[in-house]
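Enquirer: Below is the file input-v3.cif, with mmCIF, C-alpha atoms.
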data_model
loop_
_atom_site.label_atom_id
_atom_site.label_comp_id
_atom_site.auth_asym_id
_atom_site.auth_seq_id
_atom_site.Cartn_x
_atom_site.Cartn_y
_atom_site.Cartn_z
CA MET L 18 20.42 -12.43 -30.92
CA THR L 19 23.06 -10.44 -32.79
CA ASN L 20 23.01 -6.75 -33.56
CA GLU L 21 23.49 -7.69 -37.21
CA ALA L 22 20.22 -9.65 -37.24
CA LEU L 23 18.37 -6.79 -35.53
CA GLN L 24 19.76 -4.31 -38.05
CA ARG L 25 18.69 -6.58 -40.93
CA ALA L 26 15.20 -6.88 -39.45
CA THR L 27 14.89 -3.12 -38.98
CA LYS L 28 16.04 -2.45 -42.54
CA LEU L 29 13.56 -5.03 -43.85
CA LEU L 30 10.66 -3.41 -41.98
CA ASP L 31 11.64 -0.02 -43.35
CA ALA L 32 11.04 -1.41 -46.83
CA VAL L 33 7.96 -3.64 -46.45
CA ILE L 34 4.66 -3.06 -44.70
CA LEU L 35 4.39 -4.60 -41.25
CA ALA L 36 0.67 -5.26 -40.72
CA ASP L 37 -0.75 -6.22 -37.34
CA GLY L 38 -4.18 -7.83 -37.23
CA HIS L 39 -5.31 -6.80 -33.78
CA ASN L 40 -4.58 -3.97 -31.33
CA ASP L 41 -6.94 -3.02 -28.48
CA LEU L 42 -5.75 0.55 -27.92
CA PRO L 43 -9.26 2.02 -28.57
CA TRP L 44 -10.76 0.08 -25.65
CA GLU L 45 -7.78 0.87 -23.42
CA LEU L 46 -8.34 4.57 -24.12
CA ARG L 47 -12.02 4.12 -23.23
CA MET L 48 -10.89 2.70 -19.87
CA HIS L 49 -8.83 5.87 -19.31
CA GLY L 50 -11.18 8.49 -20.73
CA GLY L 51 -14.67 7.02 -20.56
CA PRO L 52 -17.22 6.12 -23.25
CA ASN L 53 -17.30 9.55 -24.89
CA PRO L 54 -15.11 8.99 -27.97
CA VAL L 55 -13.73 12.54 -28.00
CA GLU L 56 -12.68 12.32 -24.36
CA ALA L 57 -11.31 8.78 -24.79
CA ALA L 58 -9.11 9.74 -27.74
CA ALA L 59 -7.83 12.79 -25.86
CA SER L 60 -7.26 11.02 -22.54
CA LEU L 61 -3.57 10.29 -23.13
CA ASP L 62 -0.97 12.04 -25.29
CA LEU L 63 0.20 9.31 -27.65
CA THR L 64 3.08 11.42 -29.01
CA VAL L 65 5.06 10.70 -25.83
CA ARG L 66 5.86 7.35 -24.25
CA GLN L 67 3.02 6.10 -22.08
CA PRO L 68 4.24 3.51 -19.56
CA ALA L 69 0.68 2.33 -18.95
CA LEU L 70 0.22 1.42 -22.63
CA HIS L 71 1.79 -1.09 -24.99
CA THR L 72 1.07 1.33 -27.83
CA ASP L 73 2.11 4.93 -28.43
CA PHE L 74 3.74 6.68 -31.36
CA PRO L 75 7.35 6.52 -30.14
CA LYS L 76 6.96 2.76 -29.61
CA LEU L 77 5.20 2.31 -32.94
CA ALA L 78 8.02 4.16 -34.71
CA ASP L 79 10.63 1.93 -33.08
CA GLY L 80 8.58 -1.14 -33.98
CA LYS L 81 8.31 -0.08 -37.65
CA LEU L 82 4.57 -0.74 -37.76
CA GLY L 83 3.09 0.23 -41.13
CA MET L 84 -0.50 -1.00 -40.99
CA GLN L 85 -2.81 -1.68 -38.06
CA PHE L 86 -6.25 -3.17 -37.70
CA TRP L 87 -7.50 -1.29 -34.64
CA SER L 88 -9.95 -3.43 -32.69
CA VAL L 89 -13.35 -1.84 -32.06
CA TYR L 90 -13.98 -4.35 -29.30
CA VAL L 91 -17.19 -4.69 -27.31
CA PRO L 92 -17.29 -6.92 -24.21
CA CYS L 93 -19.88 -9.68 -24.20
CA GLU L 94 -21.62 -8.02 -21.25
CA PHE L 95 -22.98 -5.54 -23.78
CA GLU L 96 -25.99 -7.03 -25.52
CA GLY L 97 -28.53 -5.94 -28.11
CA HIS L 98 -28.78 -2.20 -28.68
CA SER L 99 -26.14 -1.46 -26.02
CA ALA L 100 -23.64 -3.55 -27.99
CA VAL L 101 -24.45 -1.64 -31.17
CA THR L 102 -24.04 1.68 -29.36
CA ALA L 103 -20.72 0.59 -27.89
CA VAL L 104 -19.24 -0.56 -31.20
CA LEU L 105 -20.26 2.73 -32.84
CA GLU L 106 -18.57 4.61 -30.00
CA GLN L 107 -15.40 2.58 -30.49
CA ILE L 108 -15.41 3.21 -34.24
CA GLU L 109 -15.58 6.91 -33.46
CA VAL L 110 -12.58 6.60 -31.12
CA VAL L 111 -10.47 5.43 -34.06
CA HIS L 112 -11.80 8.23 -36.27
CA GLN L 113 -10.97 10.72 -33.51
CA LEU L 114 -7.44 9.35 -33.25
CA ALA L 115 -6.92 9.73 -36.99
CA GLU L 116 -8.13 13.34 -36.82
CA ARG L 117 -6.06 14.08 -33.72
CA TYR L 118 -2.83 12.63 -35.15
CA PRO L 119 -3.01 13.17 -38.93
CA ASP L 120 0.78 13.19 -39.24
CA ARG L 121 0.93 9.68 -37.71
CA LEU L 122 -2.27 7.85 -38.73
CA ARG L 123 -4.31 7.65 -41.91
CA LEU L 124 -7.63 5.87 -42.12
CA VAL L 125 -7.64 3.64 -45.19
CA ASP L 126 -10.07 1.18 -46.67
CA THR L 127 -8.13 -0.74 -49.32
CA ALA L 128 -4.75 -2.38 -49.83
CA ASP L 129 -3.77 0.30 -52.36
CA GLU L 130 -4.62 3.04 -49.85
CA ALA L 131 -2.65 1.22 -47.17
CA GLU L 132 0.43 1.06 -49.39
CA ALA L 133 0.08 4.76 -50.24
CA ALA L 134 -0.16 5.67 -46.55
CA PHE L 135 2.95 3.62 -45.81
CA ALA L 136 4.83 5.36 -48.63
CA ASP L 137 3.82 8.70 -47.07
CA GLY L 138 5.13 7.69 -43.66
CA ARG L 139 1.73 7.18 -42.05
CA ILE L 140 0.40 4.12 -40.25
CA ALA L 141 -2.36 2.74 -42.46
CA SER L 142 -5.30 2.35 -40.08
CA LEU L 143 -8.21 -0.02 -40.54
CA LEU L 144 -10.92 -1.24 -38.17
CA GLY L 145 -11.85 -4.70 -36.96
CA ALA L 146 -15.02 -5.38 -34.95
CA GLU L 147 -14.33 -7.97 -32.25
CA GLY L 148 -17.49 -9.91 -31.47
CA GLY L 149 -20.51 -10.69 -33.63
CA HIS L 150 -22.83 -9.77 -30.76
CA SER L 151 -22.13 -6.14 -31.73
CA ILE L 152 -24.50 -6.39 -34.72
CA ALA L 153 -27.45 -7.47 -32.52
CA GLU L 154 -28.56 -10.08 -35.08
CA SER L 155 -29.01 -7.44 -37.78
CA LEU L 156 -27.53 -7.69 -41.26
CA GLY L 157 -28.42 -4.01 -41.57
CA VAL L 158 -26.11 -3.13 -38.69
CA LEU L 159 -23.44 -5.31 -40.28
CA ARG L 160 -23.68 -3.28 -43.47
CA ILE L 161 -23.54 -0.02 -41.51
CA LEU L 162 -20.34 -1.14 -39.81
CA ARG L 163 -18.78 -1.85 -43.19
CA ARG L 164 -19.90 1.55 -44.46
CA LEU L 165 -18.15 3.14 -41.47
CA GLY L 166 -14.88 1.45 -42.40
CA VAL L 167 -14.92 -1.85 -40.51
CA ARG L 168 -12.84 -4.29 -42.56
CA TYR L 169 -13.34 -7.46 -40.51
CA MET L 170 -15.66 -8.85 -37.88
CA THR L 171 -14.71 -11.57 -35.39
CA LEU L 172 -17.76 -13.83 -35.40
CA THR L 173 -17.75 -14.31 -31.61
CA HIS L 174 -15.84 -13.19 -28.58
CA ASN L 175 -15.62 -15.28 -25.39
CA TYR L 176 -19.31 -16.25 -25.39
CA ASN L 177 -21.47 -17.81 -28.08
CA THR L 178 -23.69 -15.52 -30.09
CA THR L 179 -27.18 -16.66 -30.99
CA TRP L 180 -25.78 -17.77 -34.34
CA ALA L 181 -22.15 -18.89 -33.81
CA ASP L 182 -20.24 -21.00 -31.28
CA SER L 183 -17.28 -19.52 -29.40
CA GLY L 184 -14.16 -21.51 -28.61
CA THR L 185 -14.47 -20.61 -24.91
CA ASP L 186 -18.17 -21.42 -24.41
CA GLU L 187 -20.22 -24.59 -24.47
CA PRO L 188 -21.14 -25.28 -28.13
CA VAL L 189 -24.85 -25.14 -28.91
CA HIS L 190 -25.07 -24.46 -32.66
CA GLY L 191 -22.77 -27.07 -34.18
CA GLY L 192 -20.70 -24.17 -35.49
CA LEU L 193 -22.98 -21.78 -37.38
CA THR L 194 -26.76 -21.57 -37.55
CA GLU L 195 -28.36 -20.79 -40.91
CA PHE L 196 -28.41 -17.13 -39.91
CA GLY L 197 -24.72 -17.45 -39.08
CA ARG L 198 -24.10 -18.73 -42.58
CA ASP L 199 -26.07 -15.76 -43.91
CA VAL L 200 -23.79 -13.45 -41.92
CA VAL L 201 -20.72 -14.97 -43.58
CA ARG L 202 -22.30 -14.69 -47.05
CA GLU L 203 -23.25 -11.07 -46.38
CA MET L 204 -19.73 -10.28 -45.21
CA ASN L 205 -18.39 -11.73 -48.46
CA LYS L 206 -20.85 -9.62 -50.42
CA ILE L 207 -19.97 -6.31 -48.77
CA GLY L 208 -16.22 -6.88 -48.59
CA MET L 209 -15.85 -7.50 -44.86
CA MET L 210 -13.26 -10.10 -43.91
CA VAL L 211 -14.47 -13.05 -41.84
CA ASP L 212 -12.33 -13.27 -38.69
CA LEU L 213 -12.25 -16.71 -37.03
CA SER L 214 -10.25 -15.89 -33.93
CA HIS L 215 -12.22 -16.70 -30.76
CA VAL L 216 -14.61 -19.13 -32.49
CA ALA L 217 -14.99 -22.87 -31.94
CA PRO L 218 -13.28 -25.26 -34.39
CA SER L 219 -16.71 -26.27 -35.71
CA THR L 220 -17.40 -22.60 -36.46
CA MET L 221 -14.03 -22.26 -38.18
CA ARG L 222 -14.76 -25.21 -40.47
CA ALA L 223 -18.32 -24.08 -41.24
CA ALA L 224 -17.24 -20.51 -42.05
CA ILE L 225 -14.45 -21.69 -44.36
CA GLU L 226 -16.94 -23.98 -46.09
CA VAL L 227 -19.41 -21.13 -46.63
CA SER L 228 -17.01 -18.31 -47.43
CA SER L 229 -16.27 -17.61 -51.08
CA VAL L 230 -13.21 -15.53 -50.18
CA PRO L 231 -10.20 -15.93 -47.87
CA VAL L 232 -10.82 -15.79 -44.13
CA ILE L 233 -8.47 -14.50 -41.45
CA PHE L 234 -7.55 -15.30 -37.88
CA SER L 235 -6.72 -11.83 -36.57
CA HIS L 236 -4.99 -13.02 -33.38
CA SER L 237 -4.70 -16.78 -32.84
CA SER L 238 -1.86 -19.28 -32.52
CA CYS L 239 -1.45 -23.05 -33.02
CA LEU L 240 -3.26 -25.71 -30.99
CA ALA L 241 -0.60 -28.34 -31.74
CA VAL L 242 2.06 -26.16 -30.10
CA ASN L 243 -0.05 -25.18 -27.10
CA ASP L 244 -3.38 -26.75 -26.19
CA HIS L 245 -5.56 -23.69 -25.64
CA PRO L 246 -9.12 -23.25 -26.99
CA ARG L 247 -8.18 -19.92 -28.58
CA ASN L 248 -5.72 -21.64 -30.90
CA ILE L 249 -6.18 -23.15 -34.37
CA PRO L 250 -6.24 -26.94 -34.91
CA ASP L 251 -3.94 -28.34 -37.57
CA ASP L 252 -6.80 -29.58 -39.74
CA VAL L 253 -8.10 -26.00 -39.95
CA LEU L 254 -4.65 -24.59 -40.71
CA ALA L 255 -4.44 -27.16 -43.50
CA LEU L 256 -7.62 -25.69 -45.05
CA LEU L 257 -6.09 -22.25 -45.51
CA PRO L 258 -4.18 -22.95 -48.75
CA GLY L 259 -7.44 -23.98 -50.41
CA ASN L 260 -9.32 -21.00 -48.97
CA GLY L 261 -6.48 -18.49 -49.39
CA GLY L 262 -6.76 -17.21 -45.82
CA VAL L 263 -4.19 -16.04 -43.29
CA ALA L 264 -3.56 -17.14 -39.69
CA MET L 265 -2.11 -14.23 -37.74
CA THR L 266 -0.04 -15.53 -34.85
CA THR L 267 -0.74 -13.71 -31.60
CA PHE L 268 1.63 -12.92 -28.74
CA VAL L 269 -0.82 -13.52 -25.86
CA PRO L 270 1.17 -15.48 -23.23
CA ALA L 271 -1.74 -17.74 -22.22
CA PHE L 272 -2.22 -18.81 -25.83
CA ILE L 273 1.40 -19.43 -26.76
CA SER L 274 3.10 -20.79 -23.62
CA PRO L 275 2.18 -24.15 -22.03
CA LYS L 276 3.49 -22.87 -18.69
CA VAL L 277 1.28 -19.80 -18.79
CA THR L 278 -1.70 -21.87 -19.97
CA ALA L 279 -1.27 -24.17 -16.94
CA TRP L 280 -1.19 -21.12 -14.65
CA ASP L 281 -4.27 -19.77 -16.42
CA GLN L 282 -6.13 -23.02 -15.76
CA GLU L 283 -5.37 -22.64 -12.04
CA LEU L 284 -6.78 -19.14 -12.18
CA LYS L 285 -9.88 -20.35 -13.99
CA ALA L 286 -10.47 -23.05 -11.34
CA ALA L 287 -9.99 -20.55 -8.52
CA MET L 288 -12.52 -18.20 -10.09
CA ALA L 289 -14.99 -21.05 -10.54
CA ASP L 290 -14.58 -21.96 -6.87
CA ALA L 291 -15.37 -18.34 -6.02
CA GLY L 292 -18.47 -18.41 -8.23
CA GLN L 293 -17.01 -16.05 -10.84
CA ASP L 294 -16.95 -16.36 -14.63
CA TYR L 295 -13.40 -16.52 -15.95
CA ARG L 296 -14.57 -15.44 -19.42
CA ASN L 297 -15.54 -12.00 -18.08
CA LEU L 298 -12.32 -10.07 -18.63
CA THR L 299 -13.20 -7.31 -16.18
CA LEU L 300 -13.91 -9.76 -13.38
CA ARG L 301 -10.78 -11.73 -14.27
CA GLY L 302 -8.56 -8.68 -13.96
CA GLN L 303 -10.06 -7.77 -10.60
CA PHE L 304 -9.75 -11.33 -9.31
CA VAL L 305 -6.05 -11.63 -10.24
CA LYS L 306 -5.19 -8.53 -8.23
CA GLU L 307 -6.38 -10.21 -5.02
CA TRP L 308 -5.61 -13.85 -5.83
CA ASP L 309 -3.01 -15.53 -3.63
CA GLY L 310 -2.10 -18.10 -6.28
CA PRO L 311 1.34 -18.74 -7.81
CA ALA L 312 3.25 -16.08 -9.72
CA LYS L 313 2.45 -15.96 -13.41
CA PRO L 314 5.22 -17.52 -15.57
CA LYS L 315 6.80 -15.61 -18.44
CA ALA L 316 6.35 -16.35 -22.14
CA THR L 317 9.23 -15.60 -24.51
CA VAL L 318 10.00 -14.64 -28.10
CA GLU L 319 10.92 -18.29 -28.66
CA ASP L 320 7.34 -19.28 -27.81
CA VAL L 321 6.05 -17.00 -30.57
CA VAL L 322 8.65 -18.31 -33.02
CA ALA L 323 7.47 -21.88 -32.35
CA HIS L 324 3.91 -20.96 -33.34
CA VAL L 325 4.92 -18.96 -36.41
CA GLU L 326 7.08 -21.80 -37.67
CA HIS L 327 4.39 -24.41 -37.03
CA ALA L 328 1.82 -22.33 -38.89
CA ARG L 329 4.26 -21.99 -41.81
CA GLU L 330 4.84 -25.74 -41.81
CA VAL L 331 1.15 -26.68 -41.84
CA ALA L 332 -0.54 -23.81 -43.72
CA GLY L 333 2.40 -22.62 -45.82
CA VAL L 334 4.35 -19.38 -45.88
CA ASP L 335 1.66 -17.65 -47.97
CA HIS L 336 -0.92 -18.06 -45.21
CA ILE L 337 0.69 -16.58 -42.09
CA GLY L 338 0.68 -13.16 -40.47
CA LEU L 339 0.86 -11.44 -37.09
CA GLY L 340 -1.74 -10.13 -34.64
CA GLY L 341 -0.04 -9.12 -31.41
CA ASP L 342 -3.10 -8.20 -29.29
CA TYR L 343 -1.18 -5.30 -27.76
CA ASP L 344 -3.16 -3.38 -25.12
CA GLY L 345 -5.60 -6.28 -25.03
CA VAL L 346 -3.73 -8.22 -22.33
CA GLY L 347 -1.88 -7.30 -19.15
CA SER L 348 1.55 -8.47 -20.23
CA LEU L 349 3.35 -9.77 -23.31
CA PRO L 350 6.29 -12.16 -23.81
CA GLU L 351 9.79 -11.21 -22.75
CA GLY L 352 11.32 -9.50 -25.75
CA LEU L 353 7.93 -8.48 -27.19
CA GLU L 354 6.73 -6.32 -24.29
CA ASP L 355 5.26 -3.53 -26.42
CA THR L 356 4.83 -2.36 -30.00
CA SER L 357 8.47 -1.26 -30.25
CA LYS L 358 9.61 -4.88 -30.30
CA TYR L 359 8.46 -6.29 -33.66
CA PRO L 360 12.01 -6.17 -35.09
CA VAL L 361 13.13 -8.53 -32.32
CA LEU L 362 10.81 -11.24 -33.66
CA PHE L 363 12.00 -10.77 -37.24
CA ALA L 364 15.62 -10.80 -36.12
CA ALA L 365 14.98 -14.14 -34.42
CA LEU L 366 13.44 -15.54 -37.62
CA LEU L 367 16.28 -14.27 -39.79
CA GLU L 368 18.76 -15.93 -37.44
CA ARG L 369 16.83 -19.18 -37.89
CA GLY L 370 17.35 -19.02 -41.63
CA TRP L 371 14.14 -17.34 -42.80
CA SER L 372 14.58 -15.53 -46.09
CA GLU L 373 13.75 -11.84 -46.29
CA GLU L 374 10.97 -12.66 -48.78
CA ASP L 375 9.35 -15.10 -46.34
CA CYS L 376 9.66 -12.52 -43.58
CA ALA L 377 8.01 -9.95 -45.86
CA LYS L 378 5.08 -12.31 -46.45
CA LEU L 379 4.65 -12.80 -42.71
CA ALA L 380 4.99 -9.08 -42.06
CA GLY L 381 2.24 -7.87 -44.36
CA LYS L 382 2.28 -9.17 -47.93
CA ASN L 383 -0.10 -12.03 -47.13
CA THR L 384 -2.54 -9.77 -45.28
CA LEU L 385 -2.58 -7.24 -48.11
CA ARG L 386 -3.26 -10.05 -50.59
CA VAL L 387 -6.30 -11.22 -48.60
CA LEU L 388 -7.61 -7.65 -48.37
CA ARG L 389 -7.35 -7.31 -52.15
CA GLU L 390 -9.05 -10.65 -52.81
CA VAL L 391 -11.94 -9.83 -50.47
CA ASP L 392 -12.42 -6.48 -52.17
CA GLY L 393 -12.17 -8.04 -55.62
CA PHE L 394 -15.03 -10.42 -54.84
CA ALA L 395 -17.20 -7.68 -53.34
CA ARG L 396 -16.75 -5.41 -56.32
#
Could you show the structure in this file as structure tokens?

Expert:
Amino acid sequence: MTNEALQRATKLLDAVILADGHNDLPWELRMHGGPNPVEAAASLDLTVRQPALHTDFPKLADGKLGMQFWSVYVPCEFEGHSAVTAVLEQIEVVHQLAERYPDRLRLVDTADEAEAAFADGRIASLLGAEGGHSIAESLGVLRILRRLGVRYMTLTHNYNTTWADSGTDEPVHGGLTEFGRDVVREMNKIGMMVDLSHVAPSTMRAAIEVSSVPVIFSHSSCLAVNDHPRNIPDDVLALLPGNGGVAMTTFVPAFISPKVTAWDQELKAAMADAGQDYRNLTLRGQFVKEWDGPAKPKATVEDVVAHVEHAREVAGVDHIGLGGDYDGVGSLPEGLEDTSKYPVLFAALLERGWSEEDCAKLAGKNTLRVLREVDGFAR
């Protein structure tokens, strides 16, 4: 890639909001500082480069990030009231970060507020709850999360909920139960975006059918490019123009690279042979450290480009975005190793003939449009 393309990309991202749909820094800080939100937020100084993290403020500045949905993730091992407690703790981590770094972050709730924060040189910060198990089957808890600033909820994580099928579990509901449909309707009503990353294709189709407003995929790529259950089938991508939603391409190597997916399947089989559940991310990380299997292949920027361009071809340029999943995985593609690298992706797209307007839509214009439409329906 040429320096000219990188300079063009950097200049572009100085002028338009770059919005990322999913970053797991809050949970990574919990792993460093413990469940107390004050201690977690203070566990690492984010004003200096942190080699153990994909995300810190020097990297974010280099990456030109303007708007972030911070994931308030809760592992599926948390159930019922413990899941509710954990998601509230994670919400508080983000609030603590905003208070700790007011010159870097600003909590916002609307597209207009996000644009104002960007104009003031702050990263517009919103929250996304990853995993519908965190509401413990309560529409009341769902409403509380929205009141606390949660702008989207991912209907499942790696396991089914009692009301929605996950893409990485055995389907039991045919997509959504009637209560699951009520959850989607309630999310529409209160202005919470419906996130269909992690869910089964049947759940994707059911949610799009029920939802009166655009849906999002906060961090998913394309099934036709790489056959992984976390990716979006073409028939679902083709529904987005009618729904108005946005598919945010993720950078997770196992989702984007066939070589890494094949390696991942070997890992999954080895864990099954050892009687361990691959879907449990904690167990998976521990298993990999001691596994004597083959070295993990590398994904590349070109892998991400292939997914972005396929999503544009099938869904259209008005229905694509980005959700890197930084600090949610152990490693990222070569060239996109941390949050400083977003301009590299845009430089690659500009070199492939993308217009600056199309790049701006991918960067954040499409995501801001969905946020406005969801709020317009709720109000």

Enquirer: I need the output of the PyMOL selection byres ((chain L and resi 260) around 9) for this file as a ChimeraX atom specification; which residues are they?

Expert: /L:225-226,228-232,256-259,261-262

Enquirer: Taking the file as shown, find all residues satisfying the PyMOL selection byres ((chain L and resi 139-150) around 7) and write them as a PyMOL selection string.

Expert: chain L and resi 82-91+96+100+120-126+131+134-135+137-138+151-153+166-174+178

Enquirer: Set the distance at 8 Å and use only C-alpha atoms: which residues neighbour L:Pro188 once local chain neighbours fewer than 4 positions away are removed? I'd like the list as a VMD selection string.

Expert: chain L and resid 177 182 to 184 192 217

Enquirer: Just to confirm, what's the straight-line distance from atom CA of L:Ala181 to atom CA of L:Asp281 in Å (one decimal)?

Expert: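 Separating atom CA of L:Ala181 from atom CA of L:Asp281 is a distance of 25.0 Å.
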
Enquirer: Which residues fall under the PyMOL selection byres ((chain L and resi 204) around 12) in this file, as a VMD selection string?

Expert: chain L and resid 149 156 to 164 167 to 172 197 to 203 205 to 212 224 227 to 232 391 to 392 394 to 395

Enquirer: Which neighbours of stretch 343-348 of chain L fall inside 8 Å, counting only C-alpha atoms, when residues of the same chain fewer than 5 positions from it are skipped, and could you give them as a list in words?

Expert: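 Final neighbour list, sorted by chain and number: His39, Asn40, Asp41, Leu42, Glu45, Leu70, His71, Thr72, Val269, Pro270, Glu354, Asp355 and Thr356 of chain L.
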
Enquirer: I'd like to know which of L:Ser357, L:Asp290, L:Thr194, L:Leu35 is closest to L:Arg66, using only C-alpha atoms.

Expert: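 Distance minimum relative to L:Arg66 lands on L:Ser357.
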
Enquirer: Hey, what's within 8 Å of L:Gly340 if we count all atoms listed in the file and toss same-chain stuff fewer than 2 positions away? As a JSON list (two decimals) with C-alpha atoms, in the coordinates of the input, please?

Expert:
[["chain", "number", "residue", "atom", "x", "y", "z"],
["L", 37, "ASP", "CA", -0.75, -6.22, -37.34],
["L", 38, "GLY", "CA", -4.18, -7.83, -37.23],
["L", 39, "HIS", "CA", -5.31, -6.80, -33.78],
["L", 40, "ASN", "CA", -4.58, -3.97, -31.33],
["L", 235, "SER", "CA", -6.72, -11.83, -36.57],
["L", 236, "HIS", "CA", -4.99, -13.02, -33.38],
["L", 237, "SER", "CA", -4.70, -16.78, -32.84],
["L", 265, "MET", "CA", -2.11, -14.23, -37.74],
["L", 266, "THR", "CA", -0.04, -15.53, -34.85],
["L", 267, "THR", "CA", -0.74, -13.71, -31.60],
["L", 268, "PHE", "CA", 1.63, -12.92, -28.74],
["L", 338, "GLY", "CA", 0.68, -13.16, -40.47],
["L", 342, "ASP", "CA", -3.10, -8.20, -29.29]]

Enquirer: Skip L:Val305 itself and residues of its chain fewer than 5 positions away, then list as a PyMOL selection string all residues within 10 Å of it, counting all atoms listed in the file.

Expert: chain L and resi 284+287-288+300+310

Enquirer: Can you measure atom CA of L:Glu368 to atom CA of L:Ala78 for me? One decimal in Å is fine.

Expert: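 Between atom CA of L:Glu368 and atom CA of L:Ala78 the gap works out to 22.9 Å.
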
Enquirer: To one decimal place in Å, what is the distance between atom CA of L:Phe95 and atom CA of L:Thr179?

Expert: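 A separation of 13.9 Å between them.
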
Enquirer: Choose the residue, out of L:Asn20, L:Ser238, L:Ser155, L:Asn53, that has the smallest atom-to-atom separation from L:Gln107; count all atoms listed in the file.

Expert: L:Asn53

Enquirer: Compile the contact shell of L:Thr185 as an mmCIF file with C-alpha atoms, keeping the file's coordinate frame: residues with an atom at most 7 Å away, counting all atoms listed in the file, same-chain residues fewer than 6 positions apart removed.

Expert:
data_model
loop_
_atom_site.group_PDB
_atom_site.id
_atom_site.type_symbol
_atom_site.label_atom_id
_atom_site.label_comp_id
_atom_site.auth_asym_id
_atom_site.auth_seq_id
_atom_site.Cartn_x
_atom_site.Cartn_y
_atom_site.Cartn_z
ATOM 1 C CA ASN L 175 -15.620 -15.280 -25.390
ATOM 2 C CA TYR L 176 -19.310 -16.250 -25.390
ATOM 3 C CA PRO L 246 -9.120 -23.250 -26.990
#

Enquirer: Kindly indicate which residue among L:Pro92, L:Gly191, L:Pro75, L:Gly97 lies nearest to L:Glu154, using only C-alpha atoms for the distances.

Expert: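 Looking only at the distances to L:Glu154, the closest residue turns out to be L:Gly97.
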
Enquirer: Ranking L:Leu388, L:Leu165, L:Ala377, L:Ile337 by minimum distance to L:Leu29 and counting all atoms listed in the file, which one comes first?

Expert: L:Ala377

Enquirer: Looking at L:Tyr359, L:Phe272, L:Phe74, L:Trp371, which one is nearest to L:Thr27, with distances taken over all atoms listed in the file?

Expert: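 With all atoms listed in the file as the atom set, the closest residue is L:Tyr359.
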
Enquirer: Taking only C-alpha atoms into account, name the residue in L:Ala223, L:Val65, L:Ala32, L:Ala128 that is nearest to L:Thr384.

Expert: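 For L:Thr384, the nearest of the candidates is L:Ala128.
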